[in-house]
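A.B. asks: One file is attached below, coords14.txt, containing compact mmCIF, C-alpha atoms and all ligand atoms.
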```
# COMPACT_ATOMS: atom_id res chain seq x y z
CA PHE A 1 72.47 -167.79 -106.67
CA GLY A 2 71.86 -168.39 -110.32
CA ARG A 3 70.86 -171.20 -112.66
CA GLU A 4 72.99 -172.05 -115.71
CA VAL A 5 72.38 -174.53 -118.53
CA PHE A 6 75.28 -176.30 -120.31
CA ASP A 7 75.00 -178.38 -123.51
CA ALA A 8 76.81 -181.71 -123.81
CA GLY A 9 80.56 -181.20 -124.17
CA VAL A 10 80.56 -177.60 -122.89
CA THR A 11 83.18 -176.72 -120.25
CA VAL A 12 81.92 -175.29 -116.92
CA PHE A 13 85.42 -174.24 -115.84
CA SER A 14 89.04 -175.21 -116.59
CA VAL A 15 92.21 -175.90 -114.63
CA GLY A 16 93.79 -172.59 -113.63
CA ASP A 17 90.59 -170.51 -113.80
CA ALA A 18 89.83 -168.27 -110.83
CA GLY A 19 87.32 -169.97 -108.56
CA GLU A 20 84.42 -167.57 -108.21
CA SER A 21 81.60 -170.01 -107.58
CA ALA A 22 80.58 -173.52 -106.57
CA TYR A 23 77.86 -175.51 -108.32
CA VAL A 24 75.15 -177.99 -107.48
CA ILE A 25 73.88 -180.25 -110.28
CA GLU A 26 70.13 -179.78 -110.59
CA SER A 27 69.83 -182.15 -113.57
CA GLY A 28 72.23 -183.88 -115.97
CA CYS A 29 75.83 -184.92 -115.24
CA VAL A 30 79.40 -183.66 -115.56
CA GLU A 31 82.86 -185.17 -115.78
CA VAL A 32 85.82 -183.97 -113.70
CA LEU A 33 89.18 -183.98 -115.53
CA VAL A 34 92.68 -183.35 -114.18
CA GLY A 35 95.78 -182.40 -116.11
CA HIS A 36 96.11 -180.43 -119.36
CA GLN A 37 95.24 -181.47 -122.90
CA PRO A 38 96.18 -183.82 -124.47
CA ASN A 39 96.94 -185.64 -121.21
CA GLN A 40 93.64 -185.01 -119.45
CA GLN A 41 92.38 -187.80 -117.25
CA ARG A 42 88.82 -188.26 -116.07
CA VAL A 43 88.77 -188.68 -112.28
CA ALA A 44 85.04 -188.55 -111.60
CA VAL A 45 81.55 -188.33 -113.05
CA LEU A 46 79.06 -186.38 -110.94
CA ALA A 47 75.29 -186.56 -111.24
CA GLN A 48 72.20 -184.82 -109.92
CA GLY A 49 72.56 -183.40 -106.38
CA ALA A 50 76.38 -183.39 -106.35
CA MET A 51 78.31 -180.23 -105.47
CA PHE A 52 81.62 -179.25 -107.06
CA GLY A 53 83.96 -176.29 -107.31
CA GLU A 54 83.67 -175.44 -103.60
CA VAL A 55 87.35 -175.76 -102.71
CA ALA A 56 88.57 -172.99 -105.03
CA LEU A 57 85.65 -170.90 -103.87
CA LEU A 58 86.63 -171.21 -100.24
CA ASP A 59 90.40 -170.94 -100.39
CA ARG A 60 90.56 -168.38 -103.24
CA GLN A 61 93.04 -170.45 -105.25
CA ALA A 62 92.80 -171.39 -108.93
CA ARG A 63 90.77 -174.39 -110.11
CA THR A 64 92.70 -177.67 -109.92
CA ALA A 65 90.41 -179.53 -112.32
CA THR A 66 88.32 -179.04 -115.44
CA VAL A 67 84.61 -179.78 -115.35
CA ARG A 68 82.59 -180.52 -118.52
CA ALA A 69 78.93 -181.35 -119.10
CA LEU A 70 78.40 -184.88 -120.46
CA ILE A 71 74.75 -184.37 -121.38
CA PRO A 72 72.60 -181.21 -121.27
CA THR A 73 73.01 -180.15 -117.65
CA THR A 74 71.47 -177.53 -115.38
CA LEU A 75 73.62 -176.16 -112.56
CA ILE A 76 72.79 -173.95 -109.60
CA ARG A 77 75.60 -171.48 -109.07
CA ILE A 78 76.62 -170.41 -105.55
CA ASP A 79 78.66 -167.21 -105.63
CA ARG A 80 81.71 -166.46 -103.55
CA THR A 81 80.28 -163.22 -102.17
CA HIS A 82 77.34 -165.11 -100.72
CA VAL A 83 79.50 -167.81 -99.15
CA GLU A 84 81.95 -165.27 -97.73
CA GLU A 85 79.11 -163.33 -96.19
CA LEU A 86 77.88 -166.51 -94.47
CA LEU A 87 81.40 -167.45 -93.40
CA GLY A 88 82.08 -163.96 -92.09
CA ARG A 89 79.20 -164.36 -89.69
CA ALA A 90 80.44 -167.76 -88.47
CA ASP A 91 82.38 -168.31 -85.27
CA PRO A 92 86.13 -167.56 -85.72
CA VAL A 93 86.99 -171.08 -84.61
CA ILE A 94 84.83 -172.56 -87.37
CA GLN A 95 86.35 -170.15 -89.89
CA TYR A 96 89.83 -171.09 -88.82
CA LEU A 97 89.18 -174.85 -88.82
CA LEU A 98 87.71 -174.61 -92.29
CA ARG A 99 90.72 -172.70 -93.66
CA LEU A 100 93.08 -175.16 -92.00
CA LEU A 101 91.26 -178.15 -93.47
CA LEU A 102 91.28 -176.59 -96.92
CA GLU A 103 94.97 -175.84 -96.70
CA ARG A 104 95.73 -179.40 -95.63
CA PHE A 105 93.55 -180.68 -98.45
CA ARG A 106 95.38 -178.51 -100.99
CA ASN A 107 98.78 -179.46 -99.70
CA LYS A 108 97.82 -183.11 -99.76
CA THR A 109 96.54 -183.10 -103.35
CA GLN A 110 99.46 -181.00 -104.58
CA GLY A 111 101.90 -182.98 -102.45
CA ASP A 112 100.58 -186.27 -103.80
CA ALA A 113 101.13 -185.11 -107.36
CA ALA A 114 104.61 -183.79 -106.61
CA ALA A 115 105.51 -186.85 -104.55
CA SER A 116 104.50 -189.30 -107.20
CA ALA A 117 106.50 -187.29 -109.73
CA ALA A 118 109.62 -186.99 -107.62
CA GLN A 119 109.20 -190.19 -105.56
CA ILE A 120 109.58 -188.28 -102.30
CA PRO A 121 107.04 -187.96 -99.48
CA ALA A 122 105.14 -184.71 -99.24
CA LEU A 123 105.86 -182.73 -96.06
CA ALA A 124 103.59 -179.74 -96.23
CA GLU A 125 103.11 -177.48 -93.22
CA PRO A 126 99.94 -175.40 -93.18
CA SER A 127 100.47 -171.68 -92.70
CA PRO A 128 97.14 -170.22 -91.59
CA PRO A 129 96.27 -166.55 -92.07
CA THR A 130 97.50 -165.02 -88.82
CA ASP A 131 94.53 -162.77 -87.95
CA LEU A 132 92.09 -165.61 -88.23
CA HIS A 133 94.42 -167.85 -86.30
CA ALA A 134 94.82 -165.35 -83.48
CA ALA A 135 91.06 -164.78 -83.31
CA ALA A 136 90.39 -168.51 -83.21
CA VAL A 137 92.96 -169.12 -80.48
CA ARG A 138 91.54 -166.26 -78.41
CA THR A 139 87.98 -167.58 -78.77
CA LEU A 140 89.04 -171.12 -77.82
CA SER A 141 90.99 -170.01 -74.77
CA LEU A 142 88.28 -167.58 -73.62
CA ALA A 143 85.63 -170.30 -73.95
CA HIS A 144 87.82 -172.59 -71.90
CA ASP A 145 88.70 -170.06 -69.18
CA LEU A 146 85.18 -168.71 -68.85
CA SER A 147 83.98 -171.90 -67.21
CA ASP A 148 86.05 -171.10 -64.10
CA ALA A 149 85.63 -167.33 -64.13
CA ILE A 150 82.73 -167.24 -61.65
CA ASP A 151 84.30 -169.69 -59.20
CA ARG A 152 87.59 -167.82 -59.33
CA GLY A 153 85.89 -164.50 -58.62
CA GLN A 154 86.95 -162.96 -61.92
CA LEU A 155 83.55 -161.47 -62.77
CA ASP A 156 82.72 -157.98 -61.66
CA LEU A 157 79.67 -155.78 -62.06
CA TYR A 158 80.09 -152.16 -63.15
CA TYR A 159 77.33 -149.58 -62.92
CA GLN A 160 76.72 -146.77 -65.37
CA PRO A 161 74.65 -143.82 -64.11
CA ILE A 162 71.42 -142.92 -65.94
CA VAL A 163 70.36 -139.29 -65.50
CA ARG A 164 67.12 -137.36 -65.92
CA LEU A 165 67.75 -135.11 -68.88
CA VAL A 166 65.67 -132.18 -67.60
CA ASP A 167 67.90 -131.49 -64.62
CA GLY A 168 70.82 -133.96 -64.77
CA SER A 169 69.76 -135.65 -61.52
CA LEU A 170 70.74 -139.29 -61.01
CA ALA A 171 67.78 -141.56 -61.84
CA GLY A 172 69.32 -145.01 -61.75
CA PHE A 173 72.05 -147.31 -63.03
CA GLU A 174 72.61 -149.95 -65.69
CA ALA A 175 74.56 -152.99 -64.48
CA LEU A 176 77.25 -154.06 -66.97
CA VAL A 177 79.25 -157.22 -66.41
CA ARG A 178 83.07 -157.31 -66.71
CA TRP A 179 85.51 -160.21 -66.74
CA ARG A 180 88.94 -159.62 -65.27
CA HIS A 181 90.95 -162.24 -67.15
CA PRO A 182 94.26 -163.03 -65.41
CA GLN A 183 96.28 -162.82 -68.67
CA LEU A 184 94.16 -160.80 -71.08
CA GLY A 185 92.97 -158.07 -68.73
CA VAL A 186 89.39 -156.81 -68.80
CA VAL A 187 87.28 -158.65 -71.40
CA ARG A 188 84.11 -156.83 -72.52
CA PRO A 189 80.72 -158.56 -72.40
CA ASP A 190 80.26 -158.11 -76.16
CA GLU A 191 83.02 -160.68 -76.53
CA PHE A 192 82.26 -163.22 -73.80
CA ILE A 193 78.45 -163.16 -73.49
CA PRO A 194 77.99 -164.61 -77.01
CA LEU A 195 80.46 -167.38 -76.06
CA ALA A 196 78.62 -168.00 -72.80
CA GLU A 197 75.34 -168.24 -74.72
CA LYS A 198 76.77 -171.04 -76.84
CA THR A 199 78.18 -173.03 -73.94
CA GLY A 200 75.13 -172.55 -71.69
CA LEU A 201 77.25 -170.75 -69.11
CA VAL A 202 75.21 -167.61 -69.65
CA HIS A 203 72.65 -168.93 -67.14
CA ARG A 204 75.18 -169.03 -64.32
CA ILE A 205 76.56 -165.64 -65.31
CA GLY A 206 73.05 -164.21 -65.47
CA GLN A 207 72.22 -165.57 -62.01
CA TRP A 208 75.41 -164.08 -60.66
CA VAL A 209 74.64 -160.68 -62.24
CA LEU A 210 71.05 -160.62 -60.95
CA LYS A 211 72.13 -161.56 -57.45
CA ARG A 212 74.92 -158.98 -57.38
CA ALA A 213 72.80 -156.19 -58.86
CA THR A 214 69.87 -156.72 -56.46
CA THR A 215 72.24 -157.03 -53.49
CA ASP A 216 74.13 -153.85 -54.42
CA TRP A 217 71.00 -151.85 -55.20
CA PRO A 218 70.11 -150.74 -51.64
CA LEU A 219 73.58 -149.11 -51.46
CA LEU A 220 73.32 -147.50 -54.89
CA ARG A 221 69.75 -146.32 -54.37
CA GLN A 222 70.96 -143.86 -51.75
CA ARG A 223 73.01 -142.13 -54.46
CA CYS A 224 69.93 -141.47 -56.58
CA ALA A 225 67.84 -138.35 -56.31
CA ALA A 226 64.24 -138.96 -55.34
CA THR A 227 62.08 -136.69 -57.48
CA SER A 228 58.47 -136.55 -58.54
CA GLN A 229 59.42 -137.82 -61.99
CA GLY A 230 59.69 -141.49 -61.13
CA ALA A 231 61.44 -143.66 -58.57
CA PRO A 232 65.10 -144.74 -58.94
CA PHE A 233 65.80 -147.98 -60.80
CA ILE A 234 68.48 -150.56 -61.49
CA SER A 235 68.66 -151.99 -65.03
CA VAL A 236 69.96 -155.48 -65.78
CA ASN A 237 70.57 -156.96 -69.26
CA LEU A 238 69.24 -160.43 -70.04
CA SER A 239 70.07 -162.35 -73.20
CA ALA A 240 67.74 -164.66 -75.14
CA PRO A 241 68.68 -168.04 -73.64
CA GLU A 242 68.40 -166.55 -70.15
CA LEU A 243 64.91 -165.21 -70.64
CA CYS A 244 63.76 -168.47 -72.23
CA ASN A 245 64.98 -170.48 -69.25
CA PRO A 246 61.84 -171.78 -67.48
CA GLY A 247 63.16 -170.87 -64.01
CA ILE A 248 64.02 -167.27 -64.82
CA VAL A 249 60.90 -165.60 -63.43
CA GLU A 250 61.22 -167.53 -60.15
CA SER A 251 64.88 -166.64 -59.73
CA ILE A 252 64.20 -162.96 -60.37
CA ARG A 253 61.43 -163.16 -57.76
CA ASP A 254 63.85 -164.79 -55.29
CA CYS A 255 66.51 -162.13 -55.86
CA ILE A 256 63.97 -159.35 -55.25
CA ALA A 257 62.66 -161.00 -52.10
CA SER A 258 66.01 -161.83 -50.53
CA SER A 259 67.43 -158.33 -51.02
CA HIS A 260 64.21 -156.65 -49.80
CA ILE A 261 63.85 -154.34 -52.78
CA ALA A 262 60.68 -153.34 -54.60
CA ALA A 263 60.03 -155.17 -57.87
CA SER A 264 59.36 -151.82 -59.53
CA GLU A 265 62.96 -150.77 -58.84
CA LEU A 266 64.25 -153.53 -61.11
CA ARG A 267 64.25 -153.04 -64.87
CA ILE A 268 65.15 -155.82 -67.31
CA GLU A 269 66.72 -154.75 -70.63
CA LEU A 270 66.01 -156.92 -73.67
CA THR A 271 67.24 -156.44 -77.22
CA GLU A 272 65.10 -157.25 -80.23
CA THR A 273 67.17 -160.31 -81.03
CA VAL A 274 66.25 -161.64 -77.59
CA ILE A 275 62.59 -161.33 -78.43
CA ILE A 276 62.74 -162.63 -81.98
CA SER A 277 64.51 -165.80 -80.82
CA SER A 278 61.35 -167.19 -79.28
CA VAL A 279 58.37 -164.87 -79.15
CA GLU A 280 56.03 -167.16 -77.19
CA LEU A 281 58.41 -168.08 -74.36
CA VAL A 282 59.64 -164.53 -74.10
CA SER A 283 56.15 -163.00 -74.09
CA SER A 284 55.06 -165.22 -71.26
CA ALA A 285 58.15 -164.36 -69.18
CA ILE A 286 57.64 -160.65 -69.88
CA ALA A 287 53.96 -160.84 -68.91
CA GLN A 288 54.80 -162.54 -65.60
CA LEU A 289 57.52 -160.00 -64.81
CA ARG A 290 55.15 -157.13 -65.56
CA THR A 291 52.54 -158.64 -63.24
CA MET A 292 55.17 -158.67 -60.50
CA GLY A 293 55.87 -155.01 -61.21
CA VAL A 294 59.32 -155.41 -62.82
CA GLY A 295 60.04 -152.87 -65.60
CA ILE A 296 60.97 -154.06 -69.09
CA ALA A 297 63.05 -151.93 -71.47
CA LEU A 298 63.45 -152.54 -75.20
CA ASP A 299 67.23 -152.14 -75.63
CA ASP A 300 69.12 -150.96 -78.73
CA PHE A 301 65.91 -149.62 -80.24
CA GLY A 302 66.19 -148.96 -83.95
CA THR A 303 68.91 -151.49 -84.71
CA GLY A 304 66.60 -154.41 -85.50
CA TYR A 305 63.71 -154.71 -87.89
CA ALA A 306 60.79 -155.58 -85.69
CA GLY A 307 60.94 -152.99 -82.90
CA LEU A 308 57.66 -151.39 -83.81
CA ASP A 309 55.77 -154.71 -83.88
CA TYR A 310 56.99 -155.61 -80.42
CA LEU A 311 56.22 -152.21 -78.96
CA GLN A 312 52.64 -152.80 -79.95
CA THR A 313 52.28 -156.36 -78.66
CA LEU A 314 54.55 -156.52 -75.59
CA PRO A 315 54.12 -154.44 -72.42
CA PHE A 316 57.41 -152.51 -72.45
CA THR A 317 57.83 -149.77 -69.88
CA ALA A 318 60.77 -148.04 -71.60
CA ILE A 319 62.77 -147.94 -74.81
CA LYS A 320 66.48 -147.32 -75.06
CA ILE A 321 67.57 -145.49 -78.20
CA ASP A 322 70.73 -147.11 -79.51
CA ARG A 323 73.94 -145.12 -79.24
CA ALA A 324 74.57 -145.48 -83.00
CA PHE A 325 71.71 -143.01 -83.65
CA VAL A 326 72.66 -140.73 -80.78
CA ALA A 327 76.25 -140.48 -82.04
CA GLN A 328 74.99 -139.54 -85.53
CA MET A 329 72.13 -137.25 -84.64
CA HIS A 330 73.89 -133.98 -85.52
CA ASP A 331 75.33 -135.26 -88.80
CA SER A 332 72.70 -137.60 -90.14
CA GLU A 333 69.18 -136.44 -90.88
CA ARG A 334 68.10 -140.08 -90.91
CA SER A 335 69.38 -140.74 -87.36
CA PHE A 336 67.75 -137.53 -86.17
CA GLN A 337 64.41 -138.56 -87.68
CA ILE A 338 64.62 -142.06 -86.18
CA ILE A 339 65.19 -140.56 -82.72
CA LYS A 340 62.36 -138.08 -83.25
CA SER A 341 59.90 -140.80 -84.20
CA ALA A 342 61.04 -143.03 -81.34
CA LEU A 343 60.30 -140.18 -78.94
CA GLU A 344 56.90 -139.47 -80.48
CA LEU A 345 56.01 -143.12 -80.44
CA SER A 346 56.91 -143.57 -76.79
CA ARG A 347 54.89 -140.48 -75.89
CA LEU A 348 51.88 -142.03 -77.62
CA LEU A 349 52.44 -145.33 -75.82
CA GLY A 350 53.07 -143.56 -72.51
CA ILE A 351 56.45 -145.18 -71.91
CA ALA A 352 59.81 -143.74 -70.88
CA THR A 353 62.78 -143.13 -73.20
CA VAL A 354 66.48 -143.50 -72.46
CA ALA A 355 69.10 -142.25 -74.92
CA GLU A 356 72.39 -144.20 -74.78
CA GLY A 357 75.90 -143.12 -75.65
CA ILE A 358 75.61 -139.37 -74.95
CA GLU A 359 79.19 -138.14 -75.21
CA ASP A 360 78.81 -134.35 -75.07
CA ALA A 361 76.65 -131.65 -73.49
CA LYS A 362 75.21 -130.50 -76.83
CA THR A 363 73.71 -133.92 -77.53
CA GLY A 364 72.24 -134.19 -74.03
CA ALA A 365 70.66 -130.73 -74.29
CA MET A 366 69.19 -131.48 -77.69
CA LEU A 367 67.67 -134.78 -76.54
CA ALA A 368 66.24 -133.05 -73.48
CA SER A 369 64.62 -130.39 -75.68
CA MET A 370 63.13 -133.14 -77.83
CA GLY A 371 61.45 -134.63 -74.78
CA CYS A 372 63.69 -137.64 -74.08
CA ASN A 373 63.35 -138.59 -70.40
CA TYR A 374 66.69 -140.16 -69.53
CA GLY A 375 70.26 -140.12 -70.75
CA GLN A 376 73.28 -142.33 -70.33
CA GLY A 377 76.80 -141.97 -71.69
CA TYR A 378 80.42 -141.01 -71.16
CA HIS A 379 79.41 -137.33 -70.91
CA TYR A 380 77.77 -138.11 -67.55
CA ALA A 381 79.82 -141.10 -66.42
CA ARG A 382 81.47 -144.26 -67.63
CA PRO A 383 80.46 -147.60 -66.15
CA LEU A 384 82.20 -147.75 -62.74
CA PRO A 385 82.84 -150.34 -60.02
CA LEU A 386 80.55 -150.17 -56.97
CA GLN A 387 83.33 -148.87 -54.68
CA ASP A 388 84.01 -145.86 -56.93
CA LEU A 389 80.33 -144.92 -56.92
CA LEU A 390 79.94 -145.30 -53.17
CA GLY A 391 83.14 -143.43 -52.46
CA ALA A 392 82.19 -140.49 -54.68
CA GLY A 393 80.64 -137.59 -52.83
CA THR A 394 81.01 -138.98 -49.30
CA PRO A 395 82.40 -136.45 -46.83
P1 LIG A 401 74.25 -152.36 -74.05
O1 LIG A 401 73.19 -152.93 -73.18
O2 LIG A 401 73.82 -151.58 -75.26
O3 LIG A 401 75.17 -151.50 -73.08
C1 LIG A 401 75.68 -150.24 -73.38
C2 LIG A 401 77.11 -150.32 -73.80
O4 LIG A 401 77.52 -149.02 -74.25
C3 LIG A 401 78.06 -150.68 -72.66
O5 LIG A 401 79.12 -151.44 -73.21
C4 LIG A 401 78.59 -149.31 -72.23
O6 LIG A 401 79.85 -149.38 -71.60
C5 LIG A 401 78.67 -148.59 -73.55
N1 LIG A 401 78.58 -147.14 -73.40
C6 LIG A 401 77.96 -146.44 -72.44
N2 LIG A 401 78.06 -145.12 -72.63
C7 LIG A 401 78.76 -144.95 -73.78
C8 LIG A 401 79.20 -143.80 -74.51
O7 LIG A 401 78.94 -142.63 -74.17
N3 LIG A 401 79.91 -144.02 -75.65
C9 LIG A 401 80.21 -145.28 -76.06
N4 LIG A 401 80.93 -145.42 -77.19
N5 LIG A 401 79.81 -146.39 -75.40
C10 LIG A 401 79.09 -146.23 -74.26
P2 LIG A 401 79.57 -152.79 -72.49
O8 LIG A 401 79.58 -152.61 -71.02
O9 LIG A 401 80.82 -153.23 -73.16
O10 LIG A 401 78.41 -153.80 -72.80
C11 LIG A 401 78.21 -154.26 -74.11
C12 LIG A 401 76.96 -155.09 -74.22
O11 LIG A 401 77.09 -156.32 -73.48
C13 LIG A 401 75.74 -154.43 -73.61
O12 LIG A 401 75.23 -153.53 -74.54
C14 LIG A 401 74.85 -155.61 -73.31
O13 LIG A 401 74.10 -155.97 -74.47
C15 LIG A 401 75.84 -156.73 -73.01
N6 LIG A 401 75.90 -156.96 -71.55
C16 LIG A 401 76.52 -156.21 -70.62
N7 LIG A 401 76.34 -156.72 -69.39
C17 LIG A 401 75.55 -157.83 -69.53
C18 LIG A 401 75.00 -158.79 -68.61
O14 LIG A 401 75.16 -158.73 -67.40
N8 LIG A 401 74.24 -159.79 -69.16
C19 LIG A 401 74.00 -159.87 -70.50
N9 LIG A 401 73.25 -160.86 -70.96
N10 LIG A 401 74.50 -158.99 -71.38
C20 LIG A 401 75.27 -157.97 -70.91
CA CA A 402 71.53 -152.53 -72.09
CA CA A 403 71.81 -150.62 -75.53
CA CA A 404 74.20 -153.01 -77.35
```
Take the structure I supplied and represent it as structure tokens, if you would.
C.D. replies:
Amino acid sequence: FGREVFDAGVTVFSVGDAGESAYVIESGCVEVLVGHQPNQQRVAVLAQGAMFGEVALLDRQARTATVRALIPTTLIRIDRTHVEELLGRADPVIQYLLRLLLERFRNKTQGDAAASAAQIPALAEPSPPTDLHAAAVRTLSLAHDLSDAIDRGQLDLYYQPIVRLVDGSLAGFEALVRWRHPQLGVVRPDEFIPLAEKTGLVHRIGQWVLKRATTDWPLLRQRCAATSQGAPFISVNLSAPELCNPGIVESIRDCIASSHIAASELRIELTETVIISSVELVSSAIAQLRTMGVGIALDDFGTGYAGLDYLQTLPFTAIKIDRAFVAQMHDSERSFQIIKSALELSRLLGIATVAEGIEDAKTGAMLASMGCNYGQGYHYARPLPLQDLLGAGTP
């Protein structure tokens, strides 16, 4: 953002210029002119508060009009890079709809001019950028299909082993949801959980996951090694809207009771974004779960900004070091130092550490020597369906 001052009669931009920014009039007024000199025509006068120049900014085409200050005028400039950054973070459907609208708008204004010149109607077909179009169509159809996924039995729960790094023994599992889409194949949770959060369906999915995980746990528990270094556990991910749902603590209690497992065997994984979204609601849910004996892990540690704050104020029982740091630990001094301080910090706080995304023996050995308690990653096992885990190792 920037502020620019124009004297009366000074041009802000001209027809044909590249559109690099949009403007909001802070004070003063401008005229909007179409056509080229000497046949310029004034089509509008804009005053304080009005925005202009946004179309060229968004569709990356040249300016279709000239804008000139009528009196001394102050403008606030909004740069393309800023807008594109915001847009890039928006839902693909919104991005696509916006591009489509802009294209229609362009075609209409250009078509109108051409039509009035040639006396023929304008028949412009929009041709959207194909990547954006494909992404938008996929998002729309996934959002639509997801509503039936549970009832049609398309959800599945995979379990990824978590091992004790000192001896490689099996300590527990993380439950990871999968969606077997009839046309698209397996859809990863990174793609459909955010959609489910927007539509509210995440609550039903979360209930399904909790129920399945607690029901399956007595079977999986038998696979884990009982050692002196802590009882086996099953980890379940919860997203922000789920944890803020007033009934969540009750339904976790019900799941524990009906499957006859100990509360201390269940661990809930929360990312920082979950916590930031509503600190008060989340803290109260966490406190109640801790009172029941349920473990709480801070997931993706190191990827957010506020991890340290939360470690101090919320009663976490474990932190999970994000796989981005683990993958980089041999090559990046920074990643190595982040892992080292995470391990020191958790020692001070007396809580357990889990390193994610361990893909080779060297990394596992190094983390073990640094004092990390648990490890998880393709080096040990990929997330697997229940049947594969129960079948493995049976005589
Ligand atoms: P997360 O909690 O960080 O889960 C770990 C992700 O890393 C999983 O991806 C897992 O398959 C992957 N992973 C494990 N080991 C390795 C490795 O060695 N290398 C690499 N490159 N990746 C590894 P997945 O299953 O696709 O899950 C993605 C995210 O979706 C999870 O990230 C979690 O935030 C979310 N999620 C998964 N299941 C659920 C669920 O039931 N409920 C909610 N709310 N979110 C879920
Ligand atoms: Ca997790
Ligand atoms: Ca994680
Ligand atoms: Ca993650």
A.B. asks: With a cut-off of 8 Å, could you pull out the residues of chain A touching ligand CA 403 (chain A) and give me the nearest pair of atoms for each, distance in Å to one decimal, using all atoms listed in the file, ordered by chain and ascending number, as CSV?
C.D. replies:
```
residue,atom,partner,partner_atom,distance
A:Thr271,CA,A:CA403,CA,7.6
A:Asp299,CA,A:CA403,CA,4.8
A:Asp300,CA,A:CA403,CA,4.2
A:Phe301,CA,A:CA403,CA,7.6
A:Lys320,CA,A:CA403,CA,6.3
A:Ile321,CA,A:CA403,CA,7.2
A:Asp322,CA,A:CA403,CA,5.4
A:Arg323,CA,A:CA403,CA,7.0
A:Glu356,CA,A:CA403,CA,6.5
```
A.B. asks: Atom CA of Ser21 of chain A and atom CA of Glu54 of chain A are how many Å apart?
C.D. replies: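 It comes out at 7.0 Å.
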A.B. asks: In terms of the shortest atom-to-atom distance over only C-alpha atoms and all ligand atoms, which of A:Met292, A:Ala175, A:Ile256, A:Leu75 is closest to ligand CA 402 (chain A)?
C.D. replies: A:Ala175
A.B. asks: Can you list, as an NGL selection string, every protein, DNA or RNA residue that comes within 8 Å of segment 365-381 of chain A when you count only C-alpha atoms, leaving out same-chain residues fewer than 6 positions away?
C.D. replies: :A and (160-166 or 171 or 340 or 343 or 352-359)
A.B. asks: Residues at most 7 Å from Ile71 of chain A, counting only C-alpha atoms, excluding those fewer than 2 positions away in the same chain, as JSON, numbers by chain?
C.D. replies: {"A": [7, 8, 28, 29, 69, 73]}
A.B. asks: Please provide as a count of residues only all residues within 12 Å of Gln41 of chain A, with the sequence filter that same-chain residues fewer than 3 positions apart are discarded (counting only C-alpha atoms).
C.D. replies: 13
A.B. asks: From the list A:Pro218, A:Pro189, A:Pro385, A:Pro92, which residue is nearest ligand CA 404 (chain A) when using only C-alpha atoms and all ligand atoms?
C.D. replies: A:Pro189
A.B. asks: Which one of A:Val43, A:Ile286, A:Leu70, A:Cys255 sits closest to Leu270 of chain A if you count all atoms listed in the file?
C.D. replies: A:Ile286
A.B. asks: Determine the nearest neighbour of Phe316 of chain A from the options A:Arg42, A:Arg80, A:Arg104, A:Arg290, counting all atoms listed in the file.
C.D. replies: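 Of all the options, A:Arg290 lies closest to Phe316 of chain A.
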A.B. asks: Any chance you could build segment 5-15 of chain A out to N, CA and C atoms and write it as a compact mmCIF listing (two decimals), in the frame of the given file?
C.D. replies:
```txt
# COMPACT_ATOMS: atom_id res chain seq x y z
N VAL A 5 72.59 -173.31 -117.74
CA VAL A 5 72.38 -174.53 -118.53
C VAL A 5 73.58 -174.74 -119.45
N PHE A 6 74.12 -175.97 -119.47
CA PHE A 6 75.28 -176.30 -120.31
C PHE A 6 74.90 -177.44 -121.26
N ASP A 7 75.22 -177.29 -122.55
CA ASP A 7 75.00 -178.38 -123.51
C ASP A 7 76.08 -179.43 -123.33
N ALA A 8 75.83 -180.63 -123.89
CA ALA A 8 76.81 -181.71 -123.81
C ALA A 8 78.13 -181.24 -124.40
N GLY A 9 79.24 -181.53 -123.67
CA GLY A 9 80.56 -181.20 -124.17
C GLY A 9 81.03 -179.79 -123.82
N VAL A 10 80.17 -178.97 -123.23
CA VAL A 10 80.56 -177.60 -122.89
C VAL A 10 81.29 -177.58 -121.54
N THR A 11 82.36 -176.80 -121.46
CA THR A 11 83.18 -176.72 -120.25
C THR A 11 82.56 -175.74 -119.25
N VAL A 12 82.44 -176.16 -117.98
CA VAL A 12 81.92 -175.29 -116.92
C VAL A 12 83.06 -174.39 -116.43
N PHE A 13 84.21 -175.01 -116.11
CA PHE A 13 85.42 -174.24 -115.84
C PHE A 13 86.64 -175.12 -116.12
N SER A 14 87.81 -174.48 -116.25
CA SER A 14 89.04 -175.21 -116.59
C SER A 14 90.10 -175.05 -115.53
N VAL A 15 91.05 -175.99 -115.52
CA VAL A 15 92.21 -175.90 -114.63
C VAL A 15 92.82 -174.51 -114.76
```
